[in-house]
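K.L.:
Just one file: run_0.pdb, with PDB, C-alpha atoms.
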ATOM      1  CA  MET A   9       6.746  -4.033 -59.761
ATOM      2  CA  VAL A  10       9.699  -1.794 -58.903
ATOM      3  CA  MET A  11       7.291   0.743 -57.401
ATOM      4  CA  ILE A  12       5.741  -1.895 -55.080
ATOM      5  CA  LYS A  13       9.184  -3.108 -53.991
ATOM      6  CA  ALA A  14      10.270   0.455 -53.227
ATOM      7  CA  SER A  15       7.103   0.986 -51.161
ATOM      8  CA  TRP A  16       7.812  -2.102 -49.048
ATOM      9  CA  VAL A  17      11.410  -1.029 -48.492
ATOM     10  CA  SER A  18      10.211   2.426 -47.428
ATOM     11  CA  LEU A  19       7.635   0.906 -45.105
ATOM     12  CA  PHE A  20      10.239  -1.307 -43.420
ATOM     13  CA  ALA A  21      12.660   1.620 -43.103
ATOM     14  CA  ILE A  22       9.983   3.727 -41.402
ATOM     15  CA  ALA A  23       9.087   0.834 -39.080
ATOM     16  CA  ALA A  24      12.758   0.409 -38.135
ATOM     17  CA  VAL A  25      13.133   4.107 -37.367
ATOM     18  CA  LEU A  26       9.982   4.061 -35.224
ATOM     19  CA  LEU A  27      11.259   1.043 -33.304
ATOM     20  CA  VAL A  28      14.524   2.792 -32.536
ATOM     21  CA  ILE A  29      12.714   5.929 -31.404
ATOM     22  CA  LEU A  30       9.856   4.355 -29.456
ATOM     23  CA  VAL A  31      11.620   1.440 -27.741
ATOM     24  CA  PRO A  32      14.096   2.810 -25.209
ATOM     25  CA  ALA A  33      17.385   1.014 -24.925
ATOM     26  CA  ALA A  34      17.992  -0.802 -21.653
ATOM     27  CA  GLU A  35      20.440   1.114 -19.554
ATOM     28  CA  ALA A  36      23.249  -1.017 -18.220
ATOM     29  CA  VAL A  37      24.014  -0.681 -14.542
ATOM     30  CA  THR A  38      27.627  -0.728 -13.453
ATOM     31  CA  CYS A  39      27.757  -2.755 -10.261
ATOM     32  CA  SER A  40      29.948  -0.847  -7.864
ATOM     33  CA  PRO A  41      29.398  -0.965  -4.110
ATOM     34  CA  MET A  42      30.933   2.516  -3.930
ATOM     35  CA  GLN A  43      27.746   3.776  -5.592
ATOM     36  CA  LEU A  44      26.025   3.016  -2.283
ATOM     37  CA  SER A  45      28.338   5.298  -0.272
ATOM     38  CA  PRO A  46      25.487   7.831   0.252
ATOM     39  CA  CYS A  47      23.811   5.050   2.286
ATOM     40  CA  ALA A  48      26.794   4.332   4.541
ATOM     41  CA  GLN A  49      25.640   6.473   7.450
ATOM     42  CA  ALA A  50      22.077   5.143   7.326
ATOM     43  CA  ILE A  51      23.310   1.531   7.161
ATOM     44  CA  THR A  52      25.879   1.868   9.943
ATOM     45  CA  SER A  53      23.642   3.908  12.273
ATOM     46  CA  SER A  54      19.958   4.426  12.807
ATOM     47  CA  SER A  55      19.753   7.673  10.825
ATOM     48  CA  PRO A  56      17.192   7.807   8.000
ATOM     49  CA  PRO A  57      18.405   7.392   4.405
ATOM     50  CA  SER A  58      18.741  10.455   2.219
ATOM     51  CA  ALA A  59      16.948  10.860  -1.094
ATOM     52  CA  LEU A  60      20.295  10.305  -2.828
ATOM     53  CA  CYS A  61      20.770   7.068  -0.885
ATOM     54  CA  CYS A  62      17.354   5.791  -1.994
ATOM     55  CA  ALA A  63      18.044   6.779  -5.607
ATOM     56  CA  LYS A  64      21.391   4.978  -5.599
ATOM     57  CA  LEU A  65      19.895   1.931  -3.895
ATOM     58  CA  LYS A  66      17.192   1.708  -6.582
ATOM     59  CA  GLU A  67      19.800   2.228  -9.292
ATOM     60  CA  GLN A  68      21.950  -0.602  -7.880
ATOM     61  CA  LYS A  69      18.990  -2.974  -7.378
ATOM     62  CA  PRO A  70      20.155  -5.411 -10.119
ATOM     63  CA  CYS A  71      23.479  -5.710  -8.259
ATOM     64  CA  LEU A  72      22.169  -6.363  -4.746
ATOM     65  CA  CYS A  73      22.212 -10.172  -4.979
ATOM     66  CA  GLY A  74      25.848 -10.039  -6.056
ATOM     67  CA  TYR A  75      26.630  -7.822  -3.081
ATOM     68  CA  MET A  76      24.800 -10.246  -0.773
ATOM     69  CA  ARG A  77      26.898 -13.128  -2.088
ATOM     70  CA  ASN A  78      30.153 -11.242  -1.546
ATOM     71  CA  PRO A  79      31.534 -12.165   1.907
ATOM     72  CA  SER A  80      33.131  -8.722   2.273
ATOM     73  CA  LEU A  81      29.863  -6.886   1.617
ATOM     74  CA  ARG A  82      27.284  -9.320   3.020
ATOM     75  CA  ARG A  83      27.481  -8.021   6.594
ATOM     76  CA  PHE A  84      26.600  -4.511   5.413
ATOM     77  CA  VAL A  85      23.989  -5.341   2.779
ATOM     78  CA  SER A  86      22.225  -7.959   4.905
ATOM     79  CA  SER A  87      22.343  -6.099   8.230
ATOM     80  CA  PRO A  88      19.160  -5.126  10.107
ATOM     81  CA  ASN A  89      19.895  -1.445   9.422
ATOM     82  CA  ALA A  90      20.286  -2.174   5.694
ATOM     83  CA  ARG A  91      16.846  -3.791   5.776
ATOM     84  CA  LYS A  92      15.437  -0.691   7.487
ATOM     85  CA  VAL A  93      17.010   1.521   4.828
ATOM     86  CA  SER A  94      15.545  -0.683   2.105
ATOM     87  CA  ASN A  95      12.100  -0.466   3.710
ATOM     88  CA  ARG A  96      12.300   3.314   4.120
ATOM     89  CA  CYS A  97      13.335   3.648   0.483
ATOM     90  CA  LYS A  98      10.363   1.435  -0.489
ATOM     91  CA  LEU A  99      12.670  -1.044  -2.185
ATOM     92  CA  PRO A 100      11.842  -4.698  -1.587
ATOM     93  CA  ILE A 101      14.756  -6.861  -0.533
ATOM     94  CA  PRO A 102      15.527  -9.214  -3.420
ATOM     95  CA  ARG A 103      15.229 -12.978  -3.004
ATOM     96  CA  CYS A 104      18.534 -14.327  -4.232
TER      97      CYS A 104
END
Can you present the structure in this file as structure tokens?
P.N.:
Amino acid sequence: MVMIKASWVSLFAIAAVLLVILVPAAEAVTCSPMQLSPCAQAITSSSPPSALCCAKLKEQKPCLCGYMRNPSLRRFVSSPNARKVSNRCKLPIPRC
């Protein structure tokens, strides 16, 4: 009986270890509009976005609705040029 109990405990321990290894932890995004500074030139002019801009925009995607709700940031994030940057980076504009 002790042997069977030890086998089950070992099995559960192995399953727990596999879960930790195989299921990646969700990475938390820190919402900071300053992270989008590589996009400033593309948003305020008609220049194309850089690869860094697109990477940062994709990284900050979970934060975009918050930026759109912020009166200080809305005019930048919702501008026609911001939409062009989003399209060029192949990032759909979120529906908030």
K.L.:
Residues at most 12 Å from Leu72 in chain A, counting only C-alpha atoms, excluding those fewer than 2 positions away in the same chain, as a PyMOL selection string?
P.N.:
chain A and resi 37-41+43-44+64-70+74-78+81-82+84-86+90+94+99-104
K.L.:
Would you save the residues from that selection as a PDB file, in the coordinates of the input, using C-alpha atoms?
P.N.:
ATOM      1  CA  VAL A  37      24.014  -0.681 -14.542  1.00  0.00           C
ATOM      2  CA  THR A  38      27.627  -0.728 -13.453  1.00  0.00           C
ATOM      3  CA  CYS A  39      27.757  -2.755 -10.261  1.00  0.00           C
ATOM      4  CA  SER A  40      29.948  -0.847  -7.864  1.00  0.00           C
ATOM      5  CA  PRO A  41      29.398  -0.965  -4.110  1.00  0.00           C
ATOM      6  CA  GLN A  43      27.746   3.776  -5.592  1.00  0.00           C
ATOM      7  CA  LEU A  44      26.025   3.016  -2.283  1.00  0.00           C
ATOM      8  CA  LYS A  64      21.391   4.978  -5.599  1.00  0.00           C
ATOM      9  CA  LEU A  65      19.895   1.931  -3.895  1.00  0.00           C
ATOM     10  CA  LYS A  66      17.192   1.708  -6.582  1.00  0.00           C
ATOM     11  CA  GLU A  67      19.800   2.228  -9.292  1.00  0.00           C
ATOM     12  CA  GLN A  68      21.950  -0.602  -7.880  1.00  0.00           C
ATOM     13  CA  LYS A  69      18.990  -2.974  -7.378  1.00  0.00           C
ATOM     14  CA  PRO A  70      20.155  -5.411 -10.119  1.00  0.00           C
ATOM     15  CA  GLY A  74      25.848 -10.039  -6.056  1.00  0.00           C
ATOM     16  CA  TYR A  75      26.630  -7.822  -3.081  1.00  0.00           C
ATOM     17  CA  MET A  76      24.800 -10.246  -0.773  1.00  0.00           C
ATOM     18  CA  ARG A  77      26.898 -13.128  -2.088  1.00  0.00           C
ATOM     19  CA  ASN A  78      30.153 -11.242  -1.546  1.00  0.00           C
ATOM     20  CA  LEU A  81      29.863  -6.886   1.617  1.00  0.00           C
ATOM     21  CA  ARG A  82      27.284  -9.320   3.020  1.00  0.00           C
ATOM     22  CA  PHE A  84      26.600  -4.511   5.413  1.00  0.00           C
ATOM     23  CA  VAL A  85      23.989  -5.341   2.779  1.00  0.00           C
ATOM     24  CA  SER A  86      22.225  -7.959   4.905  1.00  0.00           C
ATOM     25  CA  ALA A  90      20.286  -2.174   5.694  1.00  0.00           C
ATOM     26  CA  SER A  94      15.545  -0.683   2.105  1.00  0.00           C
ATOM     27  CA  LEU A  99      12.670  -1.044  -2.185  1.00  0.00           C
ATOM     28  CA  PRO A 100      11.842  -4.698  -1.587  1.00  0.00           C
ATOM     29  CA  ILE A 101      14.756  -6.861  -0.533  1.00  0.00           C
ATOM     30  CA  PRO A 102      15.527  -9.214  -3.420  1.00  0.00           C
ATOM     31  CA  ARG A 103      15.229 -12.978  -3.004  1.00  0.00           C
ATOM     32  CA  CYS A 104      18.534 -14.327  -4.232  1.00  0.00           C
TER      33      CYS A 104
END
K.L.:
Rounded to one decimal, what separation in Å do you get between CA of Ala63 in chain A and CA of Cys97 in chain A?
P.N.:
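Calculated distance between CA of Ala63 in chain A and CA of Cys97 in chain A is 8.3 Å.
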K.L.:
In the coordinate frame of the file, compute which residues have an atom within 12 Å of (23.3, -1.4, 11.6) when using all atoms listed in the file, and state them as a PyMOL selection string.
P.N.:
chain A and resi 47-56+83-93
